[in-house]
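Source file upload19.cif; content: mmCIF, C-alpha atoms and all ligand atoms.
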```
data_work
loop_
_atom_site.label_atom_id
_atom_site.label_comp_id
_atom_site.auth_asym_id
_atom_site.auth_seq_id
_atom_site.Cartn_x
_atom_site.Cartn_y
_atom_site.Cartn_z
CA MET D 188 0.00 0.00 0.00
CA ASP D 189 1.16 3.47 -0.89
CA PHE D 190 0.70 5.90 2.01
CA ALA D 191 1.85 8.95 0.07
CA VAL D 192 -0.65 11.79 -0.19
CA SER D 193 -0.71 13.33 -3.67
CA PRO D 194 0.38 16.97 -4.10
CA LYS D 195 -3.23 17.82 -5.11
CA MET D 196 -4.57 16.34 -1.88
CA GLN D 197 -1.85 17.95 0.22
CA THR D 198 -2.96 21.34 -1.09
CA ILE D 199 -6.66 20.58 -0.49
CA LEU D 200 -6.03 19.26 3.03
CA GLY D 201 -3.85 22.26 3.88
CA MET D 202 -6.64 24.62 2.78
CA ILE D 203 -9.23 22.68 4.78
CA ASP D 204 -7.08 22.60 7.94
CA GLU D 205 -6.59 26.33 7.74
CA PHE D 206 -10.31 26.97 7.16
CA VAL D 207 -11.35 24.73 10.06
CA ASP D 208 -8.87 26.49 12.38
CA LYS D 209 -9.63 30.05 11.29
CA GLU D 210 -13.32 29.98 10.36
CA LEU D 211 -15.04 27.09 12.13
CA ILE D 212 -13.40 26.43 15.50
CA PRO D 213 -13.92 30.10 16.52
CA LEU D 214 -17.69 29.62 15.89
CA GLU D 215 -17.93 26.70 18.30
CA PRO D 216 -18.47 28.65 21.56
CA GLU D 217 -21.60 30.22 20.01
CA PHE D 218 -22.66 26.91 18.48
CA LEU D 219 -22.44 25.25 21.90
CA THR D 220 -24.49 27.87 23.72
CA LYS D 221 -27.06 29.17 21.20
CA PRO D 222 -29.73 27.51 19.04
CA SER D 223 -28.09 26.57 15.76
CA THR D 224 -30.89 28.39 13.89
CA SER D 225 -29.42 31.69 15.12
CA LEU D 226 -26.14 30.78 13.39
CA ARG D 227 -27.76 30.02 10.03
CA PRO D 228 -26.62 33.29 8.36
CA VAL D 229 -23.05 32.67 9.54
CA PHE D 230 -23.13 29.09 8.25
CA GLU D 231 -24.37 30.37 4.88
CA GLU D 232 -21.55 32.91 4.73
CA LYS D 233 -18.98 30.17 5.48
CA ARG D 234 -20.55 27.88 2.87
CA LYS D 235 -20.19 30.67 0.30
CA MET D 236 -16.50 30.97 1.18
CA VAL D 237 -16.06 27.20 0.71
CA LYS D 238 -17.73 27.40 -2.71
CA GLN D 239 -15.44 30.29 -3.69
CA MET D 240 -12.45 28.17 -2.66
CA GLU D 241 -13.84 25.42 -4.93
CA LEU D 242 -13.90 22.94 -2.06
CA TRP D 243 -17.68 22.49 -1.97
CA ALA D 244 -19.24 18.99 -1.91
CA PRO D 245 -15.88 17.17 -2.06
CA ASN D 246 -17.33 13.68 -2.52
CA HIS D 247 -20.26 14.50 -4.80
CA PRO D 248 -20.48 14.21 -8.59
CA LYS D 249 -18.85 16.92 -10.72
CA GLU D 250 -21.89 17.13 -13.01
CA TYR D 251 -23.87 18.39 -9.99
CA GLY D 252 -21.21 20.83 -8.79
CA GLY D 253 -19.14 18.60 -6.49
CA MET D 254 -15.41 17.78 -6.61
CA GLU D 255 -15.94 14.04 -7.14
CA LEU D 256 -12.96 13.00 -5.02
CA ASN D 257 -12.46 9.26 -4.85
CA LEU D 258 -13.10 7.31 -1.65
CA MET D 259 -9.49 7.43 -0.37
CA GLU D 260 -9.26 11.16 -1.09
CA HIS D 261 -12.57 11.93 0.58
CA ALA D 262 -11.56 9.77 3.56
CA LEU D 263 -8.69 12.22 4.19
CA VAL D 264 -11.02 15.20 3.71
CA SER D 265 -13.52 13.70 6.16
CA GLU D 266 -10.76 13.32 8.76
CA ALA D 267 -9.73 16.98 8.32
CA LEU D 268 -13.35 18.19 8.55
CA GLY D 269 -14.07 15.99 11.58
CA ARG D 270 -11.93 18.30 13.74
CA SER D 271 -15.01 20.52 14.14
CA PRO D 272 -18.66 19.43 14.44
CA LEU D 273 -19.39 22.12 11.83
CA GLY D 274 -16.92 20.83 9.22
CA HIS D 275 -19.00 18.48 7.12
CA TYR D 276 -22.06 20.73 7.17
CA VAL D 277 -20.16 23.82 6.03
CA PHE D 278 -18.40 21.88 3.24
CA GLY D 279 -21.65 20.30 1.94
CA CYS D 280 -20.83 16.66 2.65
CA GLN D 281 -22.85 16.04 5.83
CA ALA D 282 -24.89 12.97 6.71
CA PRO D 283 -27.68 12.09 6.03
CA ASP D 284 -27.65 14.20 2.84
CA ALA D 285 -24.40 12.60 1.65
CA GLY D 286 -25.93 9.10 1.68
CA ASN D 287 -29.17 10.33 0.11
CA ILE D 288 -27.19 12.05 -2.65
CA GLU D 289 -25.37 8.79 -3.40
CA ILE D 290 -28.56 6.77 -3.77
CA LEU D 291 -30.44 9.47 -5.69
CA HIS D 292 -27.50 9.66 -8.07
CA GLN D 293 -27.37 5.89 -8.47
CA PHE D 294 -31.06 4.99 -8.47
CA GLY D 295 -33.05 8.21 -9.04
CA SER D 296 -35.14 8.85 -12.17
CA GLU D 297 -34.23 11.88 -14.29
CA ALA D 298 -37.20 13.78 -12.83
CA GLN D 299 -36.15 12.89 -9.24
CA LYS D 300 -32.59 13.98 -9.94
CA GLU D 301 -33.71 17.31 -11.32
CA LYS D 302 -36.14 18.02 -8.48
CA TYR D 303 -34.16 16.70 -5.51
CA LEU D 304 -30.56 15.83 -6.36
CA SER D 305 -29.42 19.12 -7.94
CA PRO D 306 -30.62 21.43 -5.13
CA LEU D 307 -29.42 18.92 -2.51
CA VAL D 308 -25.84 18.84 -3.80
CA ASP D 309 -25.97 22.62 -4.15
CA GLY D 310 -26.92 22.94 -0.45
CA LYS D 311 -30.16 24.79 -1.27
CA ILE D 312 -32.25 22.12 0.47
CA ARG D 313 -31.69 19.39 3.06
CA SER D 314 -33.06 15.87 3.38
CA CYS D 315 -33.46 13.05 5.90
CA PHE D 316 -33.56 9.26 5.95
CA SER D 317 -36.46 7.60 7.76
CA MET D 318 -36.00 3.91 8.45
CA THR D 319 -35.82 3.18 12.20
CA GLU D 320 -39.10 2.57 14.01
CA VAL D 321 -39.97 3.22 17.63
CA GLU D 322 -41.47 -0.17 18.41
CA LEU D 323 -39.28 -2.50 16.33
CA PRO D 324 -35.54 -3.25 16.39
CA GLY D 325 -33.48 -1.01 14.15
CA SER D 326 -30.80 -3.71 14.35
CA ASN D 327 -33.12 -6.00 12.45
CA PRO D 328 -34.95 -3.59 10.15
CA VAL D 329 -36.63 -6.32 8.12
CA MET D 330 -39.07 -6.20 11.04
CA MET D 331 -40.93 -3.12 9.82
CA ASP D 332 -44.45 -1.89 10.51
CA THR D 333 -44.53 1.11 8.19
CA THR D 334 -46.52 0.33 5.06
CA ALA D 335 -46.92 2.01 1.67
CA VAL D 336 -50.10 0.77 0.04
CA LYS D 337 -50.96 1.50 -3.60
CA ASP D 338 -54.12 3.52 -4.16
CA GLY D 339 -54.73 4.73 -7.72
CA ASP D 340 -51.48 6.38 -8.86
CA ASP D 341 -50.31 6.96 -5.30
CA TYR D 342 -48.71 5.24 -2.31
CA VAL D 343 -50.42 5.83 1.02
CA ILE D 344 -47.87 5.61 3.84
CA ASN D 345 -48.62 4.82 7.48
CA GLY D 346 -46.14 4.23 10.28
CA GLN D 347 -44.15 5.63 13.17
CA LYS D 348 -40.43 6.34 12.75
CA TRP D 349 -37.87 7.96 14.99
CA TYR D 350 -34.28 9.07 14.84
CA THR D 351 -35.02 10.57 11.45
CA SER D 352 -31.95 12.78 11.76
CA SER D 353 -32.17 16.37 10.51
CA ALA D 354 -35.88 16.08 9.55
CA ASP D 355 -36.43 19.52 11.13
CA GLY D 356 -36.11 21.91 8.17
CA ALA D 357 -35.60 19.14 5.59
CA GLU D 358 -37.35 19.43 2.22
CA PHE D 359 -37.92 15.70 1.82
CA ALA D 360 -37.47 12.34 3.51
CA ILE D 361 -36.45 9.06 1.94
CA VAL D 362 -38.72 6.63 3.77
CA MET D 363 -38.41 2.87 4.06
CA ALA D 364 -41.84 1.23 3.98
CA VAL D 365 -43.22 -2.23 3.29
CA THR D 366 -44.68 -2.34 -0.22
CA ASN D 367 -44.53 -6.10 -0.89
CA PRO D 368 -45.57 -7.90 2.32
CA GLU D 369 -45.76 -11.29 0.55
CA ALA D 370 -42.16 -11.18 -0.72
CA GLY D 371 -39.14 -12.63 1.10
CA PRO D 372 -37.97 -10.58 4.12
CA TYR D 373 -35.27 -8.64 2.22
CA LEU D 374 -37.56 -7.80 -0.70
CA GLN D 375 -40.56 -6.44 1.19
CA ALA D 376 -39.56 -2.82 1.66
CA SER D 377 -39.04 0.07 -0.75
CA MET D 378 -37.57 3.54 -0.56
CA ILE D 379 -40.00 6.34 -1.29
CA ILE D 380 -39.35 10.07 -1.50
CA VAL D 381 -41.76 12.02 0.69
CA PRO D 382 -41.74 15.86 0.62
CA THR D 383 -42.01 16.99 4.23
CA ASP D 384 -44.91 19.35 3.43
CA THR D 385 -47.07 16.39 2.33
CA PRO D 386 -50.24 16.19 4.47
CA GLY D 387 -49.79 13.23 6.82
CA PHE D 388 -46.03 13.77 7.27
CA ASN D 389 -46.12 14.77 10.92
CA ARG D 390 -42.93 15.70 12.74
CA VAL D 391 -44.06 14.92 16.29
CA ARG D 392 -40.97 16.22 18.07
CA ASN D 393 -37.23 16.54 18.00
CA ILE D 394 -36.16 13.79 20.40
CA PRO D 395 -34.08 14.98 23.36
CA VAL D 396 -30.76 13.14 22.99
CA MET D 397 -28.40 13.29 25.98
CA GLY D 398 -30.29 16.31 27.29
CA HIS D 399 -30.60 18.27 24.03
CA ALA D 400 -33.47 18.16 21.55
CA GLY D 401 -31.51 20.42 19.18
CA GLU D 402 -33.07 21.99 16.14
CA ASP D 403 -32.72 22.31 12.40
CA TYR D 404 -29.87 20.23 10.93
CA PHE D 405 -28.61 19.33 14.42
CA SER D 406 -31.60 17.23 15.57
CA HIS D 407 -33.27 13.83 15.40
CA ALA D 408 -37.03 13.66 14.89
CA GLU D 409 -39.91 11.33 15.57
CA ILE D 410 -42.20 11.20 12.53
CA LEU D 411 -45.75 9.91 12.30
CA TYR D 412 -46.83 9.01 8.78
CA GLN D 413 -50.62 9.18 8.77
CA ASN D 414 -52.27 8.41 5.43
CA CYS D 415 -49.39 10.25 3.84
CA ARG D 416 -50.06 10.18 0.10
CA VAL D 417 -47.35 10.56 -2.55
CA PRO D 418 -47.33 9.67 -6.27
CA GLN D 419 -45.91 6.26 -7.18
CA THR D 420 -43.34 8.10 -9.30
CA ASN D 421 -41.68 8.96 -5.95
CA LEU D 422 -40.48 5.37 -5.64
CA LEU D 423 -36.66 5.35 -5.57
CA GLY D 424 -35.23 2.45 -7.57
CA PRO D 425 -37.20 -0.75 -8.11
CA GLU D 426 -40.07 -1.69 -5.80
CA GLY D 427 -38.97 -4.09 -3.04
CA HIS D 428 -35.30 -3.04 -3.36
CA GLY D 429 -35.20 -0.87 -0.23
CA PHE D 430 -32.66 -3.05 1.57
CA VAL D 431 -30.54 -3.57 -1.54
CA ILE D 432 -30.29 0.22 -1.90
CA ALA D 433 -29.72 0.66 1.86
CA GLN D 434 -26.64 -1.54 1.58
CA GLU D 435 -25.30 0.71 -1.18
CA ARG D 436 -25.77 3.67 1.15
CA LEU D 437 -23.83 2.13 4.02
CA GLY D 438 -20.46 0.91 2.58
CA PRO D 439 -18.69 4.15 1.56
CA GLY D 440 -20.75 5.99 4.21
CA ARG D 441 -18.98 4.01 6.93
CA ILE D 442 -15.59 5.15 5.61
CA HIS D 443 -16.75 8.78 5.74
CA HIS D 444 -18.12 8.34 9.29
CA CYS D 445 -15.06 6.49 10.56
CA MET D 446 -12.65 9.09 9.17
CA ARG D 447 -14.81 11.84 10.68
CA TRP D 448 -14.41 10.00 14.00
CA ILE D 449 -10.63 9.89 13.50
CA GLY D 450 -10.78 13.66 12.99
CA ILE D 451 -12.65 13.94 16.30
CA CYS D 452 -9.97 11.77 17.93
CA ASN D 453 -7.26 14.06 16.55
CA ARG D 454 -8.99 17.13 17.99
CA ALA D 455 -9.58 15.49 21.41
CA PHE D 456 -5.96 14.28 21.42
CA ASP D 457 -4.63 17.78 20.64
CA LEU D 458 -6.69 19.19 23.50
CA MET D 459 -5.61 16.42 25.88
CA VAL D 460 -1.88 16.82 25.20
CA THR D 461 -1.90 20.61 25.41
CA ARG D 462 -3.91 20.56 28.63
CA ALA D 463 -1.50 18.02 30.16
CA ARG D 464 1.43 20.15 28.98
CA ASP D 465 0.05 23.38 30.51
CA ARG D 466 -1.91 22.37 33.61
CA ILE D 467 0.02 22.98 36.83
CA ILE D 468 -0.86 20.41 39.47
CA ALA D 469 1.82 21.29 42.02
CA PRO D 470 4.12 24.35 42.34
CA ASP D 471 6.88 22.66 40.38
CA ARG D 472 4.88 20.13 38.34
CA LYS D 473 2.68 19.94 35.26
CA LEU D 474 0.11 17.22 34.67
CA ALA D 475 2.16 15.87 31.75
CA ALA D 476 4.90 14.85 34.21
CA LYS D 477 2.67 12.10 35.60
CA GLN D 478 3.32 8.66 34.16
CA ILE D 479 -0.34 7.73 34.11
CA ILE D 480 -1.07 10.70 31.83
CA GLN D 481 1.94 9.84 29.67
CA SER D 482 0.60 6.31 29.39
CA TRP D 483 -2.80 7.66 28.24
CA ILE D 484 -1.10 9.89 25.66
CA ALA D 485 0.90 6.97 24.27
CA GLU D 486 -2.08 4.60 24.27
CA CYS D 487 -4.35 7.12 22.57
CA ALA D 488 -1.69 7.88 19.95
CA ALA D 489 -1.33 4.16 19.20
CA ASP D 490 -5.11 3.60 19.14
CA ILE D 491 -5.74 6.52 16.79
CA GLN D 492 -2.91 5.52 14.47
CA SER D 493 -4.02 1.90 14.24
CA ALA D 494 -7.71 2.79 13.81
CA ARG D 495 -6.81 5.29 11.08
CA LEU D 496 -4.76 2.71 9.17
CA MET D 497 -7.61 0.21 9.44
CA VAL D 498 -10.05 2.69 7.90
CA LEU D 499 -7.68 3.61 5.07
CA HIS D 500 -7.14 -0.07 4.42
CA ALA D 501 -10.91 -0.70 4.29
CA ALA D 502 -11.32 2.24 1.88
CA TRP D 503 -8.52 0.81 -0.26
CA MET D 504 -10.24 -2.61 -0.20
CA ILE D 505 -13.54 -1.06 -1.35
CA GLU D 506 -11.73 0.68 -4.20
CA THR D 507 -9.66 -2.30 -5.27
CA VAL D 508 -11.86 -5.37 -4.70
CA GLY D 509 -15.30 -3.81 -4.16
CA LYS D 510 -17.81 -3.30 -1.35
CA LYS D 511 -18.94 -6.91 -1.22
CA GLU D 512 -15.45 -8.33 -0.76
CA ALA D 513 -14.65 -5.66 1.83
CA ARG D 514 -17.60 -6.43 4.11
CA LYS D 515 -15.46 -7.84 6.92
CA GLU D 516 -13.12 -4.83 6.87
CA ILE D 517 -16.10 -2.43 6.84
CA SER D 518 -17.66 -4.12 9.88
CA LEU D 519 -14.30 -4.21 11.68
CA ILE D 520 -13.70 -0.47 11.38
CA LYS D 521 -17.26 0.39 12.40
CA PHE D 522 -16.92 -0.97 15.93
CA VAL D 523 -13.16 -0.47 16.38
CA VAL D 524 -13.15 3.23 15.50
CA ALA D 525 -16.35 4.01 17.42
CA ASN D 526 -14.77 2.53 20.57
CA VAL D 527 -11.38 4.18 20.03
CA MET D 528 -13.16 7.52 19.65
CA GLN D 529 -15.15 6.99 22.82
CA LYS D 530 -12.00 6.13 24.77
CA VAL D 531 -9.99 9.07 23.41
CA ILE D 532 -12.77 11.59 24.12
CA ASP D 533 -13.22 10.13 27.62
CA ARG D 534 -9.49 10.36 28.42
CA ALA D 535 -9.27 13.90 27.03
CA LEU D 536 -12.27 14.90 29.13
CA GLN D 537 -10.73 13.30 32.24
CA VAL D 538 -7.46 15.19 31.73
CA HIS D 539 -9.48 18.44 31.66
CA GLY D 540 -11.13 17.64 35.02
CA GLY D 541 -14.12 19.88 35.78
CA LEU D 542 -13.39 21.95 32.69
CA GLY D 543 -13.99 18.85 30.56
CA MET D 544 -17.58 18.64 31.81
CA THR D 545 -18.37 22.21 30.74
CA ASP D 546 -19.15 23.54 27.29
CA ASP D 547 -16.03 25.73 27.48
CA THR D 548 -14.29 23.11 25.35
CA ILE D 549 -15.77 20.95 22.58
CA LEU D 550 -15.12 17.74 24.55
CA ALA D 551 -18.43 17.51 26.44
CA PHE D 552 -20.33 18.00 23.15
CA TYR D 553 -18.37 15.16 21.58
CA TYR D 554 -18.84 13.01 24.68
CA ARG D 555 -22.63 13.46 24.52
CA HIS D 556 -23.13 13.18 20.79
CA GLU D 557 -20.59 10.64 19.71
CA ARG D 558 -21.66 7.91 22.14
CA ALA D 559 -24.27 7.18 19.49
CA ALA D 560 -21.53 5.99 17.12
CA ARG D 561 -21.62 2.61 18.84
CA ILE D 562 -25.35 2.32 18.05
CA TYR D 563 -26.20 3.80 14.63
CA ASP D 564 -25.17 2.25 11.29
CA GLY D 565 -25.17 -1.10 13.09
CA ALA D 566 -24.57 -1.52 16.82
CA ASP D 567 -21.14 -2.82 17.94
CA GLU D 568 -22.54 -6.26 18.75
CA VAL D 569 -24.15 -6.69 15.32
CA HIS D 570 -20.87 -5.91 13.55
CA LYS D 571 -18.88 -8.15 15.89
CA ILE D 572 -21.23 -11.06 15.21
CA SER D 573 -21.00 -10.42 11.48
CA VAL D 574 -17.17 -10.33 11.57
CA ALA D 575 -16.99 -13.47 13.71
CA LYS D 576 -19.34 -15.36 11.37
CA ARG D 577 -17.19 -14.45 8.35
CA ILE D 578 -14.01 -15.50 10.14
CA LEU D 579 -15.56 -18.78 11.29
CA LYS D 580 -16.63 -19.45 7.69
CA GLU D 581 -13.09 -18.77 6.46
CA TYR D 582 -11.91 -21.37 8.99
CA GLU D 583 -14.53 -23.99 8.06
CA ASN D 584 -12.12 -26.16 6.07
CA LYS D 585 -8.85 -24.54 7.05
CA LYS D 586 -6.17 -26.88 8.36
CA VAL D 587 -4.19 -25.27 11.17
CA ARG D 588 -1.33 -26.91 13.01
C1 LIG D 601 -27.80 9.71 16.95
C2 LIG D 601 -28.55 8.71 16.13
C3 LIG D 601 -28.87 9.04 14.82
C4 LIG D 601 -29.63 8.17 14.04
N1 LIG D 601 -30.03 8.54 12.77
C5 LIG D 601 -30.86 7.75 12.07
C6 LIG D 601 -31.41 8.19 10.82
O1 LIG D 601 -31.10 9.27 10.32
N2 LIG D 601 -32.33 7.40 10.21
C7 LIG D 601 -32.73 6.20 10.73
O2 LIG D 601 -33.56 5.54 10.13
N3 LIG D 601 -32.22 5.75 11.91
C8 LIG D 601 -31.32 6.50 12.59
N4 LIG D 601 -30.84 6.09 13.82
C9 LIG D 601 -31.33 4.85 14.38
C10 LIG D 601 -30.30 3.74 14.41
O3 LIG D 601 -30.07 3.27 13.12
C11 LIG D 601 -30.82 2.65 15.38
O4 LIG D 601 -30.84 3.20 16.69
C12 LIG D 601 -29.94 1.41 15.36
O5 LIG D 601 -30.10 0.73 14.14
C13 LIG D 601 -30.28 0.44 16.51
O6 LIG D 601 -31.64 0.15 16.51
P1 LIG D 601 -32.50 0.29 17.86
O7 LIG D 601 -32.24 1.63 18.42
O8 LIG D 601 -33.90 -0.05 17.52
O9 LIG D 601 -31.87 -0.75 18.85
P2 LIG D 601 -32.20 -2.33 18.93
O10 LIG D 601 -32.26 -2.91 17.56
O11 LIG D 601 -33.38 -2.51 19.80
O12 LIG D 601 -30.90 -2.87 19.64
C14 LIG D 601 -30.59 -2.48 20.99
C15 LIG D 601 -29.25 -3.08 21.39
O13 LIG D 601 -29.35 -4.49 21.37
C16 LIG D 601 -28.10 -5.05 21.02
N5 LIG D 601 -28.34 -5.92 19.85
C17 LIG D 601 -29.16 -5.71 18.81
N6 LIG D 601 -29.12 -6.74 17.94
C18 LIG D 601 -28.26 -7.64 18.46
C19 LIG D 601 -27.76 -8.90 18.03
N7 LIG D 601 -28.14 -9.44 16.88
N8 LIG D 601 -26.88 -9.55 18.85
C20 LIG D 601 -26.44 -8.98 20.02
N9 LIG D 601 -26.86 -7.80 20.45
C21 LIG D 601 -27.75 -7.12 19.68
C22 LIG D 601 -27.15 -3.88 20.68
O14 LIG D 601 -26.37 -3.61 21.83
C23 LIG D 601 -28.10 -2.74 20.45
O15 LIG D 601 -27.51 -1.48 20.73
C24 LIG D 601 -30.04 6.93 14.59
C25 LIG D 601 -29.68 6.60 15.90
C26 LIG D 601 -28.95 7.47 16.67
C27 LIG D 601 -28.62 7.09 18.08
#
```
The structure in this file should be written as structure tokens.
Amino acid sequence: MDFAVSPKMQTILGMIDEFVDKELIPLEPEFLTKPSTSLRPVFEEKRKMVKQMELWAPNHPKEYGGMELNLMEHALVSEALGRSPLGHYVFGCQAPDAGNIEILHQFGSEAQKEKYLSPLVDGKIRSCFSMTEVELPGSNPVMMDTTAVKDGDDYVINGQKWYTSSADGAEFAIVMAVTNPEAGPYLQASMIIVPTDTPGFNRVRNIPVMGHAGEDYFSHAEILYQNCRVPQTNLLGPEGHGFVIAQERLGPGRIHHCMRWIGICNRAFDLMVTRARDRIIAPDRKLAAKQIIQSWIAECAADIQSARLMVLHAAWMIETVGKKEARKEISLIKFVVANVMQKVIDRALQVHGGLGMTDDTILAFYYRHERAARIYDGADEVHKISVAKRILKEYENKKVR
């Protein structure tokens, strides 16, 4: 494997690092203490600057105004942007829009692309993805109560979803609903585009998550679909292919998420080391002089480095042998990086003592919000089981002495 970063990418990453340091990190104190809606004009101004720098939508197709970086390149960008919770949003590559853009590009009709994909890549509108249900296990989404029943030229959707991230202020949702109840479990559900102003699309609430309901892009909603009627032309891809398309959405998306988490680790690590370097704990002693803190610094450095290499390797596997062949590597990074991130944030917070618990640094925000990484996109346990099953299969007829 070649670890060299191309001159083009070195330039791009240098520009992003500088932008994150100068334009985004200084916004964080306001972001942590005020509703994000009040920062909308500032976000728009920063987005304009990113467009002028020609760094907008780094992973999205060129024909729609993106940079169309490949997976390895965007992995590095995602790491750089992960150093601030505002990075991906301001550069136009934030979840869940990024995943929705991928599937609209791959499976959308020309009419769907014109109406939804173009303004979405451009950042003029936002979207959400509505699959998880309140009463049924998200870990086993083939158990789904939401239905889309044909009536004339329409689908009529009924069901209760939650954790529809960023539904507040979104223009449309991509909803998973059962359209073919008689088919096999993986062919029952379809993806359907539902404009959020459709009668029967009811955003019940933004769910309080770790004490904050949030608003706008930074929120997770509960949605009640009550006789929500949309034309059948809003079907995304073939009917019954909801899970097939969902798989497409998750592979590269996990690389983006994991590298964003590495970026968070880098930021937490920077804060931890500088705090240890500067904090006086006795008249003649700094915190960094303590061996236990030195041990944490070394362990975190090793954990971040190994997690980062695992993600880059998985991205390289996807690019060289394909998503299907890389399934073990994708599952491995999902739970390894989520846990490394949790440990690094926790250690950084501990080194900051009482300060770490406040919103005077970004650490408490990360501690609250990033715990979810071990749950969404497949809980740790689900990925571990999947990895173990693949390994056991590899060993089925393997002779070992
Ligand atoms: C911050 C956040 C954002 C999210 N955003 C979205 C979104 O935009 N759209 C969307 O549709 N959903 C979203 N989700 C939902 C997410 O996908 C689900 O929470 C996840 O799939 C787990 O489903 P569940 O919550 O129903 O937990 P369950 O399926 O009930 O699982 C609970 C726990 O049981 C254990 N478990 C589950 N299955 C197994 C198994 N086979 N073996 C061993 N242990 C197991 C795991 O520890 C798991 O955490 C989001 C969730 C969070 C927290």
Next on the checklist: Need to verify the contact set: Leu422 (chain D), 8 Å, all atoms listed in the file, exclusion of same-chain residues closer than 4 positions in sequence. Can you return it as a list of chain:residue names?
Outcome noted: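 Once the adjacent positions are removed, what remains is D:Ser377, D:Met378, D:Ile379, D:Ile380, D:Glu426.
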Closest pair table for chain D residues within 7 Å of ligand LIG 601 (chain D), all atoms listed in the file, as a tab-separated table:
```
residue	atom	partner	partner_atom	distance
D:Pro283	CA	D:LIG601	O1	6.2
D:Cys315	CA	D:LIG601	O1	6.3
D:Phe316	CA	D:LIG601	N2	4.8
D:Ser317	CA	D:LIG601	O2	4.3
D:Met318	CA	D:LIG601	O2	3.4
D:Thr319	CA	D:LIG601	O2	3.9
D:Glu320	CA	D:LIG601	O8	6.8
D:Val321	CA	D:LIG601	O8	6.9
D:Leu323	CA	D:LIG601	O8	6.0
D:Pro324	CA	D:LIG601	O10	3.5
D:Gly325	CA	D:LIG601	O6	3.2
D:Ser326	CA	D:LIG601	O10	3.6
D:Asn327	CA	D:LIG601	O10	6.0
D:Trp349	CA	D:LIG601	N3	6.8
D:Tyr350	CA	D:LIG601	C8	4.5
D:Thr351	CA	D:LIG601	O1	4.3
D:Ser352	CA	D:LIG601	O1	3.9
D:His407	CA	D:LIG601	C3	6.5
D:His556	CA	D:LIG601	C1	7.0
D:Ala559	CA	D:LIG601	C27	4.6
D:Ile562	CA	D:LIG601	O15	5.1
D:Tyr563	CA	D:LIG601	C10	4.1
D:Asp564	CA	D:LIG601	O3	5.3
D:Gly565	CA	D:LIG601	O5	5.4
D:Ala566	CA	D:LIG601	O15	4.9
D:Asp567	CA	D:LIG601	O14	6.6
D:Glu568	CA	D:LIG601	N9	4.9
D:Val569	CA	D:LIG601	C19	5.0
D:Ile572	CA	D:LIG601	N8	6.9
```
Next on the checklist: List the spatial neighbours of Asn257 (chain D) as a count of residues only - criterion: any atom at most 12 Å away, only C-alpha atoms, same-chain residues fewer than 5 positions off excluded.
Outcome noted: 18
Item to check | Counting all atoms listed in the file, the option among D:Leu219, D:Phe230, D:Arg270, D:Lys576 closest to Glu205 (chain D) | outcome: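 Selected residue with least distance to Glu205 (chain D): D:Arg270.
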Checklist entry - Which residues, written as a PyMOL selection string, have at least one atom at most 8 Å from region 484-487 of chain D, with all atoms listed in the file counted and residues fewer than 4 positions away on the same chain left out? => result chain D and resi 456+459-460+480+491+531
